[in-house]
Amino acid sequence: MGAMSVRTQSSEEPAGAVHRAGFACFVGRPNAGKSTLTNALVGQKVAITANQPQTTRHTVRGIVHRPDAQLILVDTPGLHKPRTLLGERLNDVVRTTWAEVDVIGFCLPANEKLGPGDRFIAKELASIKKTPKIAVVTKTDLVDGKTLAEQLIAIDQLGKELGFEWAEIVPVSAVGDKQVGLLADLIVPLLPEGPALYPDGELTDEPEQVMIAELIREAALEGVRDELPHSIAVVVEEMLPREDRPADKPLLDIHAFVYIERPSQKGIVIGPKGKRLKEVGIKSRKQIEALLGTPVFLDLHVKVAKDWQRDPRQLRKLGF
């Protein structure tokens with residue numbers, strides 16, 4: 001296979017080794033397994049997983065704590081050919097993030113041949129010279145050895161074509177937990193030396209409100225993705241502990257708005273006799289309670305923000 005490095009086992013660090021800390025982000029086209037991989041590395045659900053592009057709009061960071069290192073995962077939204085102001089703004093955010101991290105992991109599913117979307121991203125990566133790039137071949141549990149080998153060669157070639165060398169090419173299966181630890185082992189040496197940047201135990205530095213908004217948005221999109229792929233934004237207006245509650249029985253009141261672009265979409269989100277919105281509330285409330293570890297009263301309202309994806313003022317208000 002020539003000078004291509006595919007790692008399959010982990011290298012043990014000698015005792016008393018240096019401590020490293022830094023940032024990595026996973027990129028790849030929608031559904032390449034980025035969020036699943038983040039969750040597998042961090043060891044619990046942090047980013048939202050979905051079969052639809054552009055659901056991770058905010059920088060959700062997962063933190064991997066190891067005795068020898070702290071790896072902070074920055075989740076950038078997907079890079080795509082912009083059709084709207086939101087698209088352009090997301091792309092700027094992406095490029096800035098890529099230039100600022102210490103390592104970029106490019107996720108490529110083992111079960112799909114390299115396509116134009118992958119090339120589009122790889123070209124962008126090639127222009128970011130200094131940052132080391134690891135090709136992470138995901139979903140290896142779905143293919144046989146021959147298909148995997150062909151994919152590894154194709155990825156190696158892609159780098160050569162665009163004039164850069166992959167720091168590593170690593171096959172993983174986050175679902176089967178295969179080699180996820182190895183991936184961390186390979187990213188760590190690429191991080192700068194230094195102490196932990198976040199105190200132990202913090203898994204995400206995203207404000208809770210953003211994570212809660214993501215959970216509600218995810219629940220609201222469930223089952224209506226085809227009709228409303230990105231036309232939903234969620235804003236958590238306020239979170240207040242309910243007064244007059246005994247200390248051992250707290251209740252958190254959360255008031256949130258689900259914004260849609262057009263009045264015609266209201267019925268889709270709310271459902272017949274409000275049934276769908278109620279289900280969205282129940283589902284997301286359970287997840288929010290699991291996230292915060294406290295009982296929650298969730299108050300959801302649907303509002304129309306006309307064409308919010310194209311309006312700079314609305315975008316700012318909705319946090320983009």
# chains A, B, ... in the order shown; residues from 1 in each chain; ligands from 1
call {"tool": "select_by_dssp", "arguments": {"residues": "region 99-270 of chain A", "states": "alpha helix (DSSP H)", "output": "ChimeraX atom specification"}}
result
/A:99-100,116-126,145-161,180-187,208-221,266-270
call {"tool": "closest_atom_pairs", "arguments": {"of": "region 97-211 of chain A", "to": "region 22-25 of chain A", "cutoff": "7 Å", "atoms": "only C-alpha atoms", "output": "JSON lines"}}
result
{"residue": "A:Val101", "atom": "CA", "partner": "A:Phe23", "partner_atom": "CA", "distance": 5.1}
{"residue": "A:Asp102", "atom": "CA", "partner": "A:Phe23", "partner_atom": "CA", "distance": 5.3}
{"residue": "A:Val103", "atom": "CA", "partner": "A:Ala24", "partner_atom": "CA", "distance": 4.7}
{"residue": "A:Ile104", "atom": "CA", "partner": "A:Cys25", "partner_atom": "CA", "distance": 5.2}
{"residue": "A:Gly105", "atom": "CA", "partner": "A:Cys25", "partner_atom": "CA", "distance": 6.1}
{"residue": "A:Leu191", "atom": "CA", "partner": "A:Gly22", "partner_atom": "CA", "distance": 5.3}
{"residue": "A:Pro192", "atom": "CA", "partner": "A:Gly22", "partner_atom": "CA", "distance": 6.3}
call {"tool": "atom_distance", "arguments": {"atom1": "CA of Thr140 (chain A)", "atom2": "CA of Ser35 (chain A)"}}
result
15.8 Å
call {"tool": "closest_atom_pairs", "arguments": {"of": "region 186-269 of chain A", "to": "region 151-171 of chain A", "cutoff": "12 Å", "atoms": "only C-alpha atoms", "output": "Markdown table"}}
result
| residue | atom | partner | partner_atom | distance |
| --- | --- | --- | --- | --- |
| A:Leu186 | CA | A:Glu168 | CA | 7.6 |
| A:Ile187 | CA | A:Glu168 | CA | 8.9 |
| A:Pro189 | CA | A:Ala167 | CA | 10.8 |
| A:Leu190 | CA | A:Ala167 | CA | 8.9 |
call {"tool": "write_last_selection", "arguments": {"atoms": "C-alpha atoms", "output": "PDB file, in the first residue's frame"}}
result
ATOM      1  CA  LEU A 186      -3.667   8.961  17.878  1.00  0.00           C
ATOM      2  CA  ILE A 187      -5.156  12.418  18.358  1.00  0.00           C
ATOM      3  CA  PRO A 189       0.168  13.251  20.445  1.00  0.00           C
ATOM      4  CA  LEU A 190      -0.945  15.946  17.996  1.00  0.00           C
TER       5      LEU A 190
END
call {"tool": "closest_residue", "arguments": {"among": "A:Asp248, A:Glu208, A:Asp141, A:Glu150", "to": "Gln179 (chain A)", "atoms": "only C-alpha atoms"}}
result
A:Asp141
call {"tool": "residues_around", "arguments": {"residues": "Ile260 (chain A)", "least_positions_apart": "4", "cutoff": "12 Å", "atoms": "only C-alpha atoms", "output": "PyMOL selection string"}}
result
chain A and resi 217+220-221+227-235+264-270+301-309+314+318
call {"tool": "write_last_selection", "arguments": {"atoms": "N, CA, C and O atoms", "output": "tab-separated table (two decimals), in the first residue's frame"}}
result
chain	number	residue	atom	x	y	z
A	217	ARG	N	-35.53	20.84	19.79
A	217	ARG	CA	-35.54	20.92	18.34
A	217	ARG	C	-35.52	19.53	17.72
A	217	ARG	O	-36.23	19.21	16.77
A	220	ALA	N	-38.82	17.96	18.10
A	220	ALA	CA	-39.81	18.59	17.23
A	220	ALA	C	-39.63	18.16	15.77
A	220	ALA	O	-40.59	18.12	15.00
A	221	LEU	N	-38.40	17.81	15.40
A	221	LEU	CA	-38.14	17.41	14.02
A	221	LEU	C	-38.46	15.94	13.77
A	221	LEU	O	-38.61	15.50	12.63
A	227	GLU	N	-40.80	17.29	5.80
A	227	GLU	CA	-41.60	18.50	5.56
A	227	GLU	C	-40.90	19.76	6.06
A	227	GLU	O	-41.07	20.83	5.50
A	228	LEU	N	-40.13	19.64	7.12
A	228	LEU	CA	-39.48	20.82	7.70
A	228	LEU	C	-38.02	20.55	7.99
A	228	LEU	O	-37.63	20.54	9.16
A	229	PRO	N	-37.19	20.33	6.98
A	229	PRO	CA	-35.83	19.92	7.33
A	229	PRO	C	-35.09	20.89	8.25
A	229	PRO	O	-34.60	20.51	9.27
A	230	HIS	N	-35.02	22.18	7.88
A	230	HIS	CA	-34.27	23.09	8.79
A	230	HIS	C	-35.12	24.25	9.23
A	230	HIS	O	-34.61	25.24	9.69
A	231	SER	N	-36.43	24.16	9.03
A	231	SER	CA	-37.22	25.36	9.30
A	231	SER	C	-37.63	25.49	10.75
A	231	SER	O	-38.60	26.15	11.04
A	232	ILE	N	-36.91	24.83	11.64
A	232	ILE	CA	-37.28	24.95	13.05
A	232	ILE	C	-36.09	25.50	13.82
A	232	ILE	O	-34.98	25.01	13.65
A	233	ALA	N	-36.32	26.51	14.62
A	233	ALA	CA	-35.29	26.98	15.54
A	233	ALA	C	-35.95	27.02	16.91
A	233	ALA	O	-37.14	27.32	17.02
A	234	VAL	N	-35.20	26.70	17.95
A	234	VAL	CA	-35.78	26.72	19.28
A	234	VAL	C	-35.01	27.70	20.15
A	234	VAL	O	-33.77	27.70	20.14
A	235	VAL	N	-35.72	28.54	20.85
A	235	VAL	CA	-35.07	29.46	21.78
A	235	VAL	C	-35.65	29.22	23.17
A	235	VAL	O	-36.87	29.23	23.36
A	264	SER	N	-48.10	28.10	7.60
A	264	SER	CA	-48.56	26.78	7.15
A	264	SER	C	-47.85	25.64	7.89
A	264	SER	O	-48.33	24.51	7.92
A	265	GLN	N	-46.68	25.95	8.47
A	265	GLN	CA	-45.93	24.89	9.15
A	265	GLN	C	-46.42	24.67	10.58
A	265	GLN	O	-46.07	23.68	11.21
A	266	LYS	N	-47.24	25.61	11.04
A	266	LYS	CA	-47.68	25.54	12.43
A	266	LYS	C	-48.43	24.23	12.70
A	266	LYS	O	-48.17	23.54	13.69
A	267	GLY	N	-49.36	23.91	11.79
A	267	GLY	CA	-50.15	22.69	11.95
A	267	GLY	C	-49.31	21.44	12.00
A	267	GLY	O	-49.61	20.49	12.74
A	268	ILE	N	-48.21	21.43	11.22
A	268	ILE	CA	-47.34	20.25	11.19
A	268	ILE	C	-46.70	20.05	12.55
A	268	ILE	O	-46.64	18.94	13.08
A	269	VAL	N	-46.21	21.15	13.13
A	269	VAL	CA	-45.51	21.04	14.42
A	269	VAL	C	-46.48	20.73	15.55
A	269	VAL	O	-46.19	19.94	16.44
A	270	ILE	N	-47.65	21.38	15.51
A	270	ILE	CA	-48.59	21.22	16.62
A	270	ILE	C	-49.37	19.91	16.52
A	270	ILE	O	-49.63	19.24	17.52
A	301	HIS	N	-44.21	26.88	23.21
A	301	HIS	CA	-45.10	27.63	22.33
A	301	HIS	C	-44.53	27.66	20.93
A	301	HIS	O	-43.32	27.77	20.75
A	302	VAL	N	-45.39	27.62	19.92
A	302	VAL	CA	-44.94	27.68	18.54
A	302	VAL	C	-45.17	29.09	18.01
A	302	VAL	O	-46.25	29.64	18.17
A	303	LYS	N	-44.13	29.67	17.40
A	303	LYS	CA	-44.25	31.03	16.86
A	303	LYS	C	-43.75	31.06	15.44
A	303	LYS	O	-42.82	30.33	15.09
A	304	VAL	N	-44.32	31.94	14.65
A	304	VAL	CA	-43.84	32.10	13.28
A	304	VAL	C	-42.85	33.26	13.24
A	304	VAL	O	-43.15	34.36	13.67
A	305	ALA	N	-41.63	33.01	12.76
A	305	ALA	CA	-40.66	34.08	12.52
A	305	ALA	C	-40.41	34.03	11.03
A	305	ALA	O	-39.71	33.16	10.54
A	306	LYS	N	-41.02	34.94	10.30
A	306	LYS	CA	-41.04	34.83	8.84
A	306	LYS	C	-39.64	34.70	8.25
A	306	LYS	O	-38.78	35.53	8.50
A	307	ASP	N	-39.44	33.62	7.45
A	307	ASP	CA	-38.18	33.41	6.73
A	307	ASP	C	-36.95	33.69	7.58
A	307	ASP	O	-36.03	34.38	7.15
A	308	TRP	N	-36.91	33.11	8.79
A	308	TRP	CA	-35.80	33.47	9.69
A	308	TRP	C	-34.44	33.08	9.15
A	308	TRP	O	-33.43	33.67	9.50
A	309	GLN	N	-34.41	32.09	8.24
A	309	GLN	CA	-33.08	31.67	7.75
A	309	GLN	C	-32.42	32.72	6.88
A	309	GLN	O	-31.22	32.68	6.65
A	314	GLN	N	-33.17	38.36	12.57
A	314	GLN	CA	-33.76	37.18	13.21
A	314	GLN	C	-32.67	36.18	13.56
A	314	GLN	O	-32.69	35.55	14.60
A	318	LEU	N	-31.86	34.54	17.13
A	318	LEU	CA	-31.95	33.11	17.38
A	318	LEU	C	-30.58	32.51	17.68
A	318	LEU	O	-30.41	31.31	17.74
call {"tool": "closest_residue", "arguments": {"among": "A:Thr97, A:Phe120, A:Leu215, A:Asp92", "to": "Ala290 (chain A)", "atoms": "only C-alpha atoms"}}
result
A:Leu215
call {"tool": "atom_distance", "arguments": {"atom1": "CA of Ile254 (chain A)", "atom2": "CA of Ile282 (chain A)"}}
result
13.0 Å
call {"tool": "select_by_dssp", "arguments": {"residues": "region 62-273 of chain A", "states": "strand (DSSP E)", "output": "number ranges by chain"}}
result
A: 62-66, 69-75, 103-109, 133-138, 168-171, 233-241, 252-260
call {"tool": "residues_around", "arguments": {"residues": "Val296 (chain A)", "least_positions_apart": "2", "cutoff": "10 Å", "atoms": "only C-alpha atoms", "output": "list of chain:residue names"}}
result
A:Met239, A:Leu240, A:Pro241, A:Arg242, A:Pro250, A:Leu251, A:Leu252, A:Asp253, A:Ile254, A:Arg285, A:Lys286, A:Ile288, A:Glu289, A:Ala290, A:Leu292, A:Gly293, A:Thr294, A:Leu298, A:Asp299
call {"tool": "write_last_selection", "arguments": {"atoms": "C-alpha atoms", "output": "PDB file, in the first residue's frame"}}
result
ATOM      1  CA  MET A 239     -35.267  28.792  33.043  1.00  0.00           C
ATOM      2  CA  LEU A 240     -36.385  29.501  36.596  1.00  0.00           C
ATOM      3  CA  PRO A 241     -36.555  27.328  39.682  1.00  0.00           C
ATOM      4  CA  ARG A 242     -40.194  27.203  40.836  1.00  0.00           C
ATOM      5  CA  PRO A 250     -37.228  21.199  43.287  1.00  0.00           C
ATOM      6  CA  LEU A 251     -38.949  21.965  39.994  1.00  0.00           C
ATOM      7  CA  LEU A 252     -37.428  23.891  37.127  1.00  0.00           C
ATOM      8  CA  ASP A 253     -39.745  25.920  34.890  1.00  0.00           C
ATOM      9  CA  ILE A 254     -38.502  26.111  31.314  1.00  0.00           C
ATOM     10  CA  ARG A 285     -38.829  16.953  28.910  1.00  0.00           C
ATOM     11  CA  LYS A 286     -37.618  13.432  29.757  1.00  0.00           C
ATOM     12  CA  ILE A 288     -33.909  17.513  29.674  1.00  0.00           C
ATOM     13  CA  GLU A 289     -34.571  15.951  33.082  1.00  0.00           C
ATOM     14  CA  ALA A 290     -31.937  13.315  32.349  1.00  0.00           C
ATOM     15  CA  LEU A 292     -30.072  18.292  34.282  1.00  0.00           C
ATOM     16  CA  GLY A 293     -30.915  15.619  36.850  1.00  0.00           C
ATOM     17  CA  THR A 294     -33.909  17.596  38.111  1.00  0.00           C
ATOM     18  CA  LEU A 298     -41.687  22.517  30.144  1.00  0.00           C
ATOM     19  CA  ASP A 299     -43.827  25.218  28.576  1.00  0.00           C
TER      20      ASP A 299
END
